[in-house]
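structure21.cif, holding mmCIF, C-alpha atoms and all ligand atoms:
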```cif
data_structure
loop_
_atom_site.label_atom_id
_atom_site.label_comp_id
_atom_site.auth_asym_id
_atom_site.auth_seq_id
_atom_site.Cartn_x
_atom_site.Cartn_y
_atom_site.Cartn_z
CA MET A 1 25.55 -25.42 26.22
CA ARG A 2 26.93 -26.09 29.70
CA ALA A 3 28.54 -23.41 31.87
CA TYR A 4 29.85 -23.67 35.42
CA ARG A 5 28.92 -21.27 38.21
CA PHE A 6 29.42 -21.31 41.98
CA ASP A 7 26.00 -21.75 43.64
CA ASP A 8 27.53 -20.68 46.96
CA PRO A 9 30.19 -17.96 46.53
CA ASN A 10 32.14 -19.24 49.56
CA SER A 11 32.67 -22.90 48.71
CA LEU A 12 34.55 -24.85 46.06
CA ASP A 13 31.98 -27.65 46.61
CA ALA A 14 29.30 -25.41 45.15
CA LEU A 15 30.71 -25.50 41.60
CA ARG A 16 27.90 -26.73 39.31
CA ALA A 17 27.44 -27.02 35.54
CA ARG A 18 24.09 -25.90 34.19
CA GLU A 19 22.42 -25.51 30.80
CA GLU A 20 22.52 -21.97 29.44
CA ALA A 21 21.71 -20.38 26.08
CA VAL A 22 24.52 -19.92 23.55
CA GLY A 23 25.02 -16.18 22.97
CA VAL A 24 24.67 -14.54 19.56
CA PRO A 25 27.61 -12.28 18.57
CA GLN A 26 26.59 -8.68 17.93
CA ARG A 27 28.50 -6.07 15.93
CA GLY A 28 32.26 -6.39 16.61
CA GLU A 29 31.83 -9.58 18.64
CA VAL A 30 32.83 -13.21 18.09
CA LEU A 31 31.38 -16.49 19.38
CA VAL A 32 34.17 -18.74 20.70
CA ARG A 33 33.80 -22.48 21.14
CA VAL A 34 35.96 -23.01 24.21
CA ARG A 35 38.38 -25.95 23.94
CA ALA A 36 40.55 -25.56 27.06
CA VAL A 37 40.66 -23.48 30.24
CA SER A 38 43.54 -23.14 32.69
CA LEU A 39 43.26 -22.42 36.39
CA ASN A 40 45.10 -19.79 38.38
CA TYR A 41 45.39 -19.33 42.12
CA ARG A 42 43.01 -16.36 41.80
CA ASP A 43 40.21 -18.70 40.71
CA ILE A 44 40.38 -20.21 44.21
CA ALA A 45 41.09 -16.88 45.93
CA VAL A 46 37.90 -15.38 44.44
CA VAL A 47 35.72 -18.16 45.86
CA THR A 48 37.42 -18.34 49.24
CA GLY A 49 37.28 -14.58 49.76
CA ARG A 50 41.06 -14.09 49.53
CA TYR A 51 41.16 -12.13 46.25
CA VAL A 52 42.57 -8.60 46.32
CA TRP A 53 39.56 -7.11 44.50
CA ASP A 54 35.82 -7.35 45.12
CA SER A 55 33.94 -10.19 43.45
CA VAL A 56 30.43 -10.40 42.07
CA PRO A 57 28.83 -13.66 43.31
CA GLY A 58 27.52 -16.31 40.91
CA LEU A 59 29.76 -15.59 37.94
CA VAL A 60 31.21 -18.17 35.54
CA PRO A 61 34.80 -18.64 36.88
CA CYS A 62 38.20 -18.60 35.12
CA SER A 63 40.10 -15.99 33.13
CA ASP A 64 42.19 -18.15 30.80
CA ALA A 65 40.94 -20.01 27.75
CA ALA A 66 41.73 -21.16 24.24
CA GLY A 67 39.20 -22.03 21.59
CA GLU A 68 38.01 -21.52 18.06
CA ILE A 69 35.80 -18.86 16.52
CA VAL A 70 32.52 -20.37 15.35
CA ALA A 71 30.64 -17.18 14.38
CA ALA A 72 31.51 -13.54 13.87
CA GLY A 73 29.16 -10.55 14.19
CA GLU A 74 28.77 -7.72 11.73
CA GLY A 75 31.92 -5.65 11.17
CA VAL A 76 34.38 -8.21 12.55
CA ARG A 77 37.61 -7.88 10.57
CA ALA A 78 40.15 -9.54 12.84
CA PHE A 79 38.78 -13.11 12.81
CA LYS A 80 36.69 -15.57 10.83
CA PRO A 81 35.09 -18.90 11.78
CA GLY A 82 37.73 -21.58 12.27
CA ASP A 83 40.39 -19.22 13.66
CA ARG A 84 42.08 -20.39 16.87
CA VAL A 85 42.28 -17.79 19.66
CA ILE A 86 43.21 -17.24 23.30
CA SER A 87 41.57 -14.93 25.81
CA ILE A 88 43.06 -11.68 27.11
CA PHE A 89 43.14 -11.35 30.91
CA HIS A 90 42.06 -7.67 30.92
CA PRO A 91 39.47 -7.48 28.13
CA ARG A 92 39.69 -3.66 27.83
CA TRP A 93 43.38 -2.95 28.60
CA PHE A 94 45.09 -2.62 25.27
CA GLY A 95 48.24 -0.70 26.26
CA GLY A 96 49.53 2.17 28.38
CA ARG A 97 48.18 2.50 31.90
CA PRO A 98 45.30 0.22 32.98
CA PRO A 99 41.91 1.83 32.24
CA LYS A 100 39.83 2.99 35.22
CA GLY A 101 38.02 0.05 36.83
CA ALA A 102 40.08 -2.58 34.96
CA ALA A 103 40.34 -4.81 38.04
CA MET A 104 36.54 -5.13 38.23
CA GLN A 105 36.17 -5.99 34.54
CA THR A 106 38.23 -9.16 34.70
CA TYR A 107 36.74 -12.61 34.25
CA GLY A 108 35.56 -14.61 37.24
CA ASN A 109 35.50 -11.69 39.72
CA GLY A 110 33.86 -8.84 37.76
CA ALA A 111 32.50 -10.51 34.63
CA ASP A 112 31.45 -14.00 33.55
CA GLY A 113 34.56 -16.07 32.83
CA TRP A 114 35.51 -18.90 30.49
CA LEU A 115 34.50 -22.16 32.22
CA THR A 116 31.75 -22.62 29.65
CA GLU A 117 31.38 -24.41 26.32
CA TYR A 118 30.72 -21.23 24.31
CA LYS A 119 31.35 -17.55 24.99
CA VAL A 120 30.64 -14.27 23.14
CA VAL A 121 33.33 -11.59 23.50
CA SER A 122 34.55 -8.50 21.66
CA GLN A 123 36.94 -9.27 18.81
CA GLU A 124 39.42 -7.10 20.75
CA ALA A 125 39.29 -9.46 23.77
CA VAL A 126 41.05 -12.38 22.08
CA VAL A 127 44.36 -12.79 20.23
CA PRO A 128 45.35 -15.41 17.63
CA LEU A 129 46.68 -18.74 18.88
CA PRO A 130 49.53 -19.70 16.56
CA ASP A 131 49.73 -23.10 14.87
CA GLY A 132 51.95 -25.47 16.83
CA ILE A 133 50.53 -24.39 20.20
CA SER A 134 47.75 -26.74 21.36
CA PHE A 135 44.51 -25.48 22.90
CA GLU A 136 45.64 -26.89 26.29
CA GLU A 137 48.95 -25.03 26.12
CA GLY A 138 47.37 -21.85 24.69
CA ALA A 139 44.97 -21.75 27.63
CA THR A 140 47.91 -21.45 30.05
CA LEU A 141 49.25 -18.22 28.54
CA PRO A 142 46.76 -15.35 29.27
CA CYS A 143 47.37 -14.86 33.01
CA ALA A 144 50.35 -16.72 34.52
CA ALA A 145 52.69 -16.57 31.51
CA THR A 146 51.80 -12.96 30.70
CA THR A 147 52.40 -12.02 34.34
CA ALA A 148 55.83 -13.66 34.28
CA TRP A 149 56.57 -11.85 31.01
CA THR A 150 55.50 -8.46 32.44
CA ALA A 151 57.62 -9.09 35.54
CA LEU A 152 60.75 -9.93 33.55
CA SER A 153 60.40 -7.46 30.68
CA GLY A 154 59.25 -4.59 32.90
CA GLN A 155 60.70 -1.38 34.12
CA THR A 156 64.24 -2.79 34.25
CA PRO A 157 64.19 -5.60 31.67
CA VAL A 158 66.00 -8.83 32.49
CA ARG A 159 68.94 -9.36 30.15
CA ALA A 160 71.45 -12.11 29.44
CA GLY A 161 73.56 -12.44 32.57
CA SER A 162 70.90 -11.03 34.94
CA THR A 163 70.08 -13.05 38.05
CA VAL A 164 66.40 -13.79 38.63
CA LEU A 165 64.87 -15.20 41.82
CA THR A 166 61.61 -17.16 41.54
CA LEU A 167 59.49 -18.45 44.45
CA GLY A 168 57.82 -21.88 44.42
CA THR A 169 56.65 -24.04 41.54
CA GLY A 170 53.21 -22.64 40.72
CA GLY A 171 52.05 -21.39 37.33
CA VAL A 172 53.62 -17.91 37.36
CA SER A 173 56.93 -19.09 38.83
CA ILE A 174 57.47 -21.95 36.39
CA PHE A 175 56.79 -19.61 33.44
CA ALA A 176 59.24 -17.14 35.01
CA VAL A 177 61.94 -19.84 35.22
CA GLN A 178 61.42 -20.83 31.57
CA LEU A 179 61.28 -17.26 30.23
CA ALA A 180 64.23 -16.05 32.32
CA LYS A 181 66.37 -18.95 31.07
CA ALA A 182 65.30 -18.19 27.48
CA MET A 183 66.43 -14.57 28.04
CA GLY A 184 69.86 -15.82 29.12
CA ALA A 185 69.44 -15.10 32.80
CA ARG A 186 70.72 -17.12 35.73
CA VAL A 187 67.83 -18.44 37.80
CA ILE A 188 67.72 -19.07 41.53
CA ALA A 189 64.47 -20.75 42.59
CA THR A 190 62.94 -21.57 45.95
CA THR A 191 60.60 -24.48 46.65
CA SER A 192 59.20 -26.56 49.50
CA SER A 193 60.32 -30.08 48.57
CA ALA A 194 63.20 -32.10 47.15
CA GLY A 195 60.99 -33.58 44.41
CA LYS A 196 59.94 -30.15 43.17
CA ALA A 197 63.59 -29.02 43.38
CA GLU A 198 64.48 -31.73 40.85
CA ARG A 199 61.74 -30.50 38.50
CA LEU A 200 63.12 -26.96 38.77
CA ARG A 201 66.65 -28.12 37.97
CA ALA A 202 65.34 -30.06 34.96
CA LEU A 203 63.72 -26.84 33.70
CA GLY A 204 67.05 -25.03 33.94
CA ALA A 205 67.10 -23.46 37.41
CA ASP A 206 70.76 -22.92 38.27
CA GLU A 207 70.32 -22.96 42.04
CA VAL A 208 67.42 -24.23 44.14
CA VAL A 209 66.81 -23.40 47.79
CA ASN A 210 64.31 -25.21 50.04
CA TYR A 211 62.58 -22.41 51.97
CA THR A 212 61.21 -24.87 54.55
CA GLU A 213 64.79 -25.78 55.53
CA ILE A 214 66.38 -22.32 55.27
CA GLU A 215 64.08 -19.80 56.88
CA ALA A 216 66.33 -16.80 56.16
CA TRP A 217 66.51 -17.70 52.46
CA GLY A 218 66.81 -14.11 51.26
CA GLN A 219 70.06 -13.41 53.07
CA HIS A 220 71.26 -16.95 52.27
CA ILE A 221 70.72 -16.49 48.52
CA ARG A 222 72.36 -13.09 48.53
CA LYS A 223 75.47 -14.37 50.33
CA THR A 224 75.82 -17.85 48.89
CA TYR A 225 74.82 -17.36 45.26
CA THR A 226 75.48 -13.69 44.42
CA GLY A 227 78.66 -12.97 46.38
CA GLY A 228 76.73 -10.50 48.55
CA ALA A 229 75.58 -8.39 45.59
CA GLY A 230 71.92 -9.49 45.46
CA VAL A 231 69.71 -10.63 42.60
CA ASP A 232 68.54 -8.33 39.80
CA CYS A 233 64.88 -9.32 39.86
CA VAL A 234 62.55 -11.14 42.26
CA VAL A 235 59.33 -12.55 40.84
CA GLU A 236 57.46 -12.18 44.16
CA VAL A 237 54.42 -14.48 44.29
CA GLY A 238 54.43 -15.32 48.01
CA GLY A 239 53.24 -11.95 49.27
CA PRO A 240 53.08 -10.79 52.90
CA ALA A 241 55.09 -13.69 54.33
CA THR A 242 57.87 -13.70 51.73
CA VAL A 243 58.37 -10.07 50.70
CA ALA A 244 60.82 -9.32 53.56
CA GLU A 245 63.13 -12.15 52.44
CA SER A 246 62.76 -11.01 48.82
CA LEU A 247 63.93 -7.53 49.87
CA ARG A 248 66.93 -9.12 51.59
CA ALA A 249 67.80 -10.97 48.38
CA VAL A 250 67.53 -8.09 45.88
CA ARG A 251 70.41 -5.86 44.83
CA PRO A 252 70.33 -2.05 45.05
CA GLY A 253 68.66 -0.85 41.84
CA GLY A 254 67.16 -4.27 41.28
CA GLU A 255 63.42 -4.99 41.19
CA VAL A 256 61.05 -6.83 43.49
CA VAL A 257 57.97 -7.38 41.33
CA LEU A 258 54.91 -7.76 43.57
CA ILE A 259 52.58 -10.32 42.05
CA GLY A 260 50.99 -12.65 44.55
CA PHE A 261 49.52 -13.27 47.95
CA LEU A 262 49.92 -17.04 48.41
CA SER A 263 50.78 -16.84 52.10
CA GLU A 264 47.92 -16.73 54.61
CA GLU A 265 49.87 -14.88 57.32
CA ASN A 266 50.42 -11.11 57.11
CA PRO A 267 53.17 -10.07 59.53
CA GLY A 268 53.51 -6.54 58.12
CA ILE A 269 56.60 -4.98 56.61
CA ASP A 270 59.45 -2.87 57.98
CA TYR A 271 59.72 0.47 56.16
CA PHE A 272 63.49 0.51 56.70
CA LEU A 273 63.83 -2.83 54.92
CA ILE A 274 62.19 -1.34 51.82
CA LYS A 275 64.16 1.90 52.10
CA GLY A 276 67.44 0.13 52.83
CA SER A 277 67.13 -2.21 49.86
CA ASN A 278 67.48 0.73 47.43
CA ALA A 279 65.46 -1.45 45.07
CA ILE A 280 62.45 -0.76 42.88
CA VAL A 281 59.28 -2.33 44.28
CA ARG A 282 56.80 -2.65 41.42
CA SER A 283 53.28 -4.07 41.74
CA ILE A 284 51.83 -5.50 38.54
CA GLY A 285 48.45 -6.77 37.37
CA VAL A 286 49.15 -9.39 34.69
CA GLY A 287 49.65 -7.06 31.72
CA ASP A 288 47.90 -5.52 28.71
CA ARG A 289 46.95 -6.95 25.34
CA ALA A 290 50.34 -5.98 23.88
CA ALA A 291 52.10 -7.94 26.65
CA LEU A 292 50.14 -11.09 25.77
CA GLU A 293 50.95 -10.65 22.07
CA ASP A 294 54.65 -10.14 22.86
CA LEU A 295 54.64 -13.16 25.17
CA VAL A 296 53.03 -15.40 22.55
CA ARG A 297 55.62 -14.27 19.97
CA ALA A 298 58.50 -14.87 22.39
CA TRP A 299 57.08 -18.21 23.54
CA ARG A 300 56.79 -19.48 19.98
CA GLY A 301 60.10 -17.97 18.89
CA ALA A 302 62.00 -19.58 21.75
CA GLY A 303 60.25 -22.91 21.18
CA LEU A 304 59.15 -23.15 24.81
CA LYS A 305 56.59 -25.72 26.05
CA ALA A 306 54.22 -25.04 28.91
CA VAL A 307 54.58 -27.28 31.95
CA ILE A 308 51.09 -28.76 32.34
CA ASP A 309 50.78 -30.74 35.54
CA LYS A 310 47.41 -32.36 34.79
CA VAL A 311 44.51 -32.05 32.36
CA PHE A 312 40.98 -32.62 33.71
CA ASP A 313 37.78 -33.25 31.73
CA PHE A 314 35.08 -30.57 31.74
CA ASP A 315 32.84 -32.91 33.77
CA ASP A 316 35.53 -33.04 36.49
CA ALA A 317 36.16 -29.29 36.76
CA LYS A 318 35.77 -29.44 40.54
CA GLY A 319 38.59 -32.01 40.65
CA ALA A 320 40.82 -29.49 38.88
CA PHE A 321 40.06 -26.78 41.46
CA GLU A 322 40.77 -29.23 44.30
CA HIS A 323 44.04 -30.30 42.64
CA LEU A 324 45.21 -26.66 42.41
CA GLN A 325 44.13 -25.96 45.99
CA ALA A 326 46.16 -28.94 47.27
CA ALA A 327 49.27 -27.18 45.80
CA ARG A 328 51.08 -30.40 44.91
CA HIS A 329 51.16 -29.37 41.24
CA VAL A 330 54.13 -28.05 39.29
CA GLY A 331 53.14 -25.55 36.59
CA LYS A 332 49.59 -25.41 35.25
CA VAL A 333 46.32 -27.23 35.80
CA VAL A 334 44.10 -27.38 32.70
CA ILE A 335 40.46 -28.33 31.98
CA ARG A 336 39.69 -29.73 28.52
CA VAL A 337 36.36 -28.48 27.15
CA GLY A 338 34.49 -30.40 24.43
CA GLY A 339 35.85 -33.40 22.51
N1 LIG B 401 49.40 -9.60 40.08
C1 LIG B 401 49.29 -10.39 39.03
O1 LIG B 401 49.40 -9.93 37.90
C2 LIG B 401 49.10 -11.85 39.23
C3 LIG B 401 48.99 -12.69 38.11
C4 LIG B 401 48.97 -14.05 38.30
C5 LIG B 401 49.00 -14.55 39.60
N2 LIG B 401 49.03 -13.72 40.64
C6 LIG B 401 49.13 -14.24 42.02
O2 LIG B 401 50.42 -14.84 42.12
C7 LIG B 401 50.37 -15.93 43.00
C8 LIG B 401 50.82 -17.20 42.28
O3 LIG B 401 49.82 -17.59 41.36
P1 LIG B 401 49.87 -19.01 40.64
O4 LIG B 401 48.62 -19.12 39.84
O5 LIG B 401 51.19 -19.18 40.01
O6 LIG B 401 49.75 -19.95 41.94
P2 LIG B 401 49.86 -21.52 42.09
O7 LIG B 401 50.07 -22.20 40.79
O8 LIG B 401 48.67 -21.94 42.90
O9 LIG B 401 51.19 -21.64 42.98
C9 LIG B 401 51.21 -22.48 44.08
C10 LIG B 401 52.65 -22.77 44.48
O10 LIG B 401 53.26 -21.64 45.09
C11 LIG B 401 54.19 -22.08 46.08
N3 LIG B 401 53.88 -21.45 47.37
C12 LIG B 401 52.77 -21.57 48.11
N4 LIG B 401 52.88 -20.86 49.24
C13 LIG B 401 54.08 -20.28 49.20
C14 LIG B 401 54.79 -19.42 50.07
N5 LIG B 401 54.27 -19.02 51.24
N6 LIG B 401 56.03 -19.03 49.71
C15 LIG B 401 56.57 -19.42 48.53
N7 LIG B 401 55.94 -20.22 47.66
C16 LIG B 401 54.73 -20.65 48.01
C17 LIG B 401 54.05 -23.59 46.19
O11 LIG B 401 55.14 -24.16 45.43
P3 LIG B 401 56.35 -24.88 46.20
O12 LIG B 401 55.76 -26.02 46.96
O13 LIG B 401 57.29 -25.26 45.13
O14 LIG B 401 56.93 -23.83 47.12
C18 LIG B 401 52.72 -23.86 45.50
O15 LIG B 401 52.67 -25.12 44.90
C19 LIG B 401 48.92 -15.97 43.52
O16 LIG B 401 48.84 -15.22 44.70
C20 LIG B 401 48.15 -15.30 42.40
O17 LIG B 401 46.91 -14.79 42.79
C21 LIG B 401 49.06 -12.37 40.49
#
```

Is it possible to express this structure as structure tokens?
Amino acid sequence: MRAYRFDDPNSLDALRAREEAVGVPQRGEVLVRVRAVSLNYRDIAVVTGRYVWDSVPGLVPCSDAAGEIVAAGEGVRAFKPGDRVISIFHPRWFGGRPPKGAAMQTYGNGADGWLTEYKVVSQEAVVPLPDGISFEEGATLPCAATTAWTALSGQTPVRAGSTVLTLGTGGVSIFAVQLAKAMGARVIATTSSAGKAERLRALGADEVVNYTEIEAWGQHIRKTYTGGAGVDCVVEVGGPATVAESLRAVRPGGEVVLIGFLSEENPGIDYFLIKGSNAIVRSIGVGDRAALEDLVRAWRGAGLKAVIDKVFDFDDAKGAFEHLQAARHVGKVVIRVGG
């Protein structure tokens, strides 16, 4: 089988496919034939040294995959050959608080990931992929969609009539727009271009603000679109350079959910801005197995369709990484594996 690894941990150019042995599932494990993988910003952040956690060099990249079980080890009850499955982002976080060391057990930074034709994992590290969801779409759900779900259904769940602010048009944010609309919320979205603004409106965003034209977009959104009250929830993917504006946009008692670190600059943050917001600032790490199962149920129940910007062939995996890095995409970038 072929599996990709980075020969040089500091360069996207060093992504190479090589022949490796197909693993044999042991007790409680399954062998998955991978059919699709989706990329997340972290897959680039790991290689370029911008990830929040340490990374082991030379690993197979990518956390998100869909595929079919081709063999099951002794004692496997949950699956049989032929079953369609998707990967779980945190292979050992089943519920409750994250287990110790969870951040270093995730695929691509702490353990071999899914950019491979076959992979052996514990039967507990995959969940069923329902009929009606393609492998390409299923592969988009483990990280970005689950993160959006955790953000919106979290400490103060978004309800019909809530106002949600999303930032940009990347994977997490587009899922957040779709899920928030399905929950009955009003969505205000920011983006960098008029073309992307149109895509956001087509997906249901009620208001769209171009953050390259309106620098003080937090205050602007609060005043113009919430009558000064502030939004109920900010799905904060920008990080150091956007969190101050997010705090200016949120209402007292609302939530700023810290997710990302897209911005390169790190100007620091004013304590009095956090204190004065009277908001909950909650940092999340994707979510547990139960969150993925809930998300899949909600996704199917609401009849949502993932926004897939482009699908690349396995042989052109590097092209997929470059496409994501260029940040002209809307939604998800997917790699098809096998025929
Ligand atoms: N903590 C967690 O659980 C978790 C889970 C998933 C992802 N993340 C993190 O969340 C972030 C988003 O991930 P992703 O996979 O959705 O990324 P992505 O698909 O690569 O998103 C890229 C898009 O974000 C927007 N963007 C870029 N810089 C921005 C900035 N300074 N301010 C506002 N928007 C900006 C751009 O859209 P526009 O041109 O439309 O502005 C860009 O196209 C990353 O930092 C990722 O590592 C964290």

Residues within 12 Å of (51.3, -13.2, 27.6), counting all atoms listed in the file, listed as a ChimeraX atom specification
/A:64,86-90,126-129,138-153,172,175-176,179,286-300

Just the selected residues (C-alpha atoms), exported as a PDB file, in the coordinates of the input, please.
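In the end it all went to out-v9.pdb:
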```
ATOM      1  CA  ASP A  64      42.190 -18.150  30.800  1.00  0.00           C
ATOM      2  CA  ILE A  86      43.210 -17.240  23.300  1.00  0.00           C
ATOM      3  CA  SER A  87      41.570 -14.930  25.810  1.00  0.00           C
ATOM      4  CA  ILE A  88      43.060 -11.680  27.110  1.00  0.00           C
ATOM      5  CA  PHE A  89      43.140 -11.350  30.910  1.00  0.00           C
ATOM      6  CA  HIS A  90      42.060  -7.670  30.920  1.00  0.00           C
ATOM      7  CA  VAL A 126      41.050 -12.380  22.080  1.00  0.00           C
ATOM      8  CA  VAL A 127      44.360 -12.790  20.230  1.00  0.00           C
ATOM      9  CA  PRO A 128      45.350 -15.410  17.630  1.00  0.00           C
ATOM     10  CA  LEU A 129      46.680 -18.740  18.880  1.00  0.00           C
ATOM     11  CA  GLY A 138      47.370 -21.850  24.690  1.00  0.00           C
ATOM     12  CA  ALA A 139      44.970 -21.750  27.630  1.00  0.00           C
ATOM     13  CA  THR A 140      47.910 -21.450  30.050  1.00  0.00           C
ATOM     14  CA  LEU A 141      49.250 -18.220  28.540  1.00  0.00           C
ATOM     15  CA  PRO A 142      46.760 -15.350  29.270  1.00  0.00           C
ATOM     16  CA  CYS A 143      47.370 -14.860  33.010  1.00  0.00           C
ATOM     17  CA  ALA A 144      50.350 -16.720  34.520  1.00  0.00           C
ATOM     18  CA  ALA A 145      52.690 -16.570  31.510  1.00  0.00           C
ATOM     19  CA  THR A 146      51.800 -12.960  30.700  1.00  0.00           C
ATOM     20  CA  THR A 147      52.400 -12.020  34.340  1.00  0.00           C
ATOM     21  CA  ALA A 148      55.830 -13.660  34.280  1.00  0.00           C
ATOM     22  CA  TRP A 149      56.570 -11.850  31.010  1.00  0.00           C
ATOM     23  CA  THR A 150      55.500  -8.460  32.440  1.00  0.00           C
ATOM     24  CA  ALA A 151      57.620  -9.090  35.540  1.00  0.00           C
ATOM     25  CA  LEU A 152      60.750  -9.930  33.550  1.00  0.00           C
ATOM     26  CA  SER A 153      60.400  -7.460  30.680  1.00  0.00           C
ATOM     27  CA  VAL A 172      53.620 -17.910  37.360  1.00  0.00           C
ATOM     28  CA  PHE A 175      56.790 -19.610  33.440  1.00  0.00           C
ATOM     29  CA  ALA A 176      59.240 -17.140  35.010  1.00  0.00           C
ATOM     30  CA  LEU A 179      61.280 -17.260  30.230  1.00  0.00           C
ATOM     31  CA  VAL A 286      49.150  -9.390  34.690  1.00  0.00           C
ATOM     32  CA  GLY A 287      49.650  -7.060  31.720  1.00  0.00           C
ATOM     33  CA  ASP A 288      47.900  -5.520  28.710  1.00  0.00           C
ATOM     34  CA  ARG A 289      46.950  -6.950  25.340  1.00  0.00           C
ATOM     35  CA  ALA A 290      50.340  -5.980  23.880  1.00  0.00           C
ATOM     36  CA  ALA A 291      52.100  -7.940  26.650  1.00  0.00           C
ATOM     37  CA  LEU A 292      50.140 -11.090  25.770  1.00  0.00           C
ATOM     38  CA  GLU A 293      50.950 -10.650  22.070  1.00  0.00           C
ATOM     39  CA  ASP A 294      54.650 -10.140  22.860  1.00  0.00           C
ATOM     40  CA  LEU A 295      54.640 -13.160  25.170  1.00  0.00           C
ATOM     41  CA  VAL A 296      53.030 -15.400  22.550  1.00  0.00           C
ATOM     42  CA  ARG A 297      55.620 -14.270  19.970  1.00  0.00           C
ATOM     43  CA  ALA A 298      58.500 -14.870  22.390  1.00  0.00           C
ATOM     44  CA  TRP A 299      57.080 -18.210  23.540  1.00  0.00           C
ATOM     45  CA  ARG A 300      56.790 -19.480  19.980  1.00  0.00           C
TER      46      ARG A 300
END
```

I'd like to know which of A:Val56, A:Ala17, A:Val158, A:Val47 is closest to Arg2 (chain A), using all atoms listed in the file.
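Closest residue, counting all atoms listed in the file: A:Ala17.
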
Can I get the residues of region 51-153 of chain A within 9 Å of region 22-32 of chain A, each with the closest pair of atoms and their distance in Å to one decimal, using all atoms listed in the file, sorted chain first then ascending number, as CSV?
```
residue,atom,partner,partner_atom,distance
A:Ala66,CA,A:Val32,CA,8.7
A:Gly67,CA,A:Val32,CA,6.1
A:Glu68,CA,A:Val32,CA,5.4
A:Ile69,CA,A:Val32,CA,4.5
A:Val70,CA,A:Leu31,CA,5.7
A:Ala71,CA,A:Leu31,CA,5.1
A:Ala72,CA,A:Val30,CA,4.4
A:Gly73,CA,A:Arg27,CA,4.9
A:Glu74,CA,A:Arg27,CA,4.5
A:Gly75,CA,A:Gly28,CA,5.5
A:Val76,CA,A:Gly28,CA,4.9
A:Arg77,CA,A:Gly28,CA,8.2
A:Phe79,CA,A:Val30,CA,8.0
A:Lys80,CA,A:Val30,CA,8.6
A:Pro81,CA,A:Val30,CA,8.8
A:Arg84,CA,A:Val32,CA,8.9
A:Val85,CA,A:Val32,CA,8.2
A:Glu117,CA,A:Val32,CA,8.5
A:Tyr118,CA,A:Val32,CA,5.6
A:Lys119,CA,A:Val32,CA,5.3
A:Val120,CA,A:Leu31,CA,4.4
A:Val121,CA,A:Glu29,CA,5.5
A:Ser122,CA,A:Glu29,CA,4.2
A:Gln123,CA,A:Glu29,CA,5.1
A:Glu124,CA,A:Glu29,CA,8.3
```

Within 7 Å of ligand LIG 401 (chain B) (all atoms listed in the file), residues as an MDAnalysis selection string:
chainID A and resid 40:42 45 143:144 147 167:173 190:193 196 237:238 241:242 258:263 283:287 324:325 327:332

Contact residues around region 206-210 of chain A with only C-alpha atoms at 7 Å, ignoring same-chain residues under 2 positions, as an mmCIF file with C-alpha atoms, keeping the file's coordinate frame:
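Produced file around_1.cif, reproduced below:
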```
data_model
loop_
_atom_site.group_PDB
_atom_site.id
_atom_site.type_symbol
_atom_site.label_atom_id
_atom_site.label_comp_id
_atom_site.auth_asym_id
_atom_site.auth_seq_id
_atom_site.Cartn_x
_atom_site.Cartn_y
_atom_site.Cartn_z
ATOM 1 C CA ARG A 186 70.720 -17.120 35.730
ATOM 2 C CA VAL A 187 67.830 -18.440 37.800
ATOM 3 C CA ILE A 188 67.720 -19.070 41.530
ATOM 4 C CA ALA A 189 64.470 -20.750 42.590
ATOM 5 C CA THR A 190 62.940 -21.570 45.950
ATOM 6 C CA THR A 191 60.600 -24.480 46.650
ATOM 7 C CA SER A 192 59.200 -26.560 49.500
ATOM 8 C CA SER A 193 60.320 -30.080 48.570
ATOM 9 C CA ALA A 197 63.590 -29.020 43.380
ATOM 10 C CA ARG A 201 66.650 -28.120 37.970
ATOM 11 C CA GLY A 204 67.050 -25.030 33.940
ATOM 12 C CA THR A 212 61.210 -24.870 54.550
ATOM 13 C CA GLU A 213 64.790 -25.780 55.530
ATOM 14 C CA ILE A 214 66.380 -22.320 55.270
#
```

In Å, how far is it from CA of Ala216 (chain A) to CA of Ala229 (chain A)?
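That distance, rounded to one decimal, is 16.4 Å.
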
Counting all atoms listed in the file, find residues at most 7 Å from (56.1, -6.1, 52.1) (file frame) and give them as a ChimeraX atom specification.
/A:240,243-244,268-269

Name the residues in contact with Glu136 (chain A) at a cut-off of 9 Å, using all atoms listed in the file, excluding same-chain residues fewer than 4 positions from it; report them as a JSON list (two decimals) with C-alpha atoms, keeping the file's coordinate frame.
```
[["chain", "number", "residue", "atom", "x", "y", "z"],
["A", 35, "ARG", "CA", 38.38, -25.95, 23.94],
["A", 36, "ALA", "CA", 40.55, -25.56, 27.06],
["A", 37, "VAL", "CA", 40.66, -23.48, 30.24],
["A", 38, "SER", "CA", 43.54, -23.14, 32.69],
["A", 65, "ALA", "CA", 40.94, -20.01, 27.75],
["A", 66, "ALA", "CA", 41.73, -21.16, 24.24],
["A", 140, "THR", "CA", 47.91, -21.45, 30.05],
["A", 308, "ILE", "CA", 51.09, -28.76, 32.34],
["A", 311, "VAL", "CA", 44.51, -32.05, 32.36],
["A", 334, "VAL", "CA", 44.10, -27.38, 32.70],
["A", 335, "ILE", "CA", 40.46, -28.33, 31.98],
["A", 336, "ARG", "CA", 39.69, -29.73, 28.52]]
```

Nearest residue to Glu255 (chain A) from the set A:Gly239, A:Pro57, A:Pro157, A:Gln178 (distances using all atoms listed in the file):
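Of all the options, A:Pro157 lies closest to Glu255 (chain A).
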
Go ahead and compute the interatomic distance for CA of Leu273 (chain A) and CA of Arg248 (chain A), in Å to one decimal.
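CA of Leu273 (chain A) sits 7.8 Å away from CA of Arg248 (chain A).
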
Just to confirm, what's the straight-line distance from CA of Arg222 (chain A) to CA of Ala306 (chain A) in Å (one decimal)?
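CA of Ala306 (chain A) lies 29.3 Å from CA of Arg222 (chain A).
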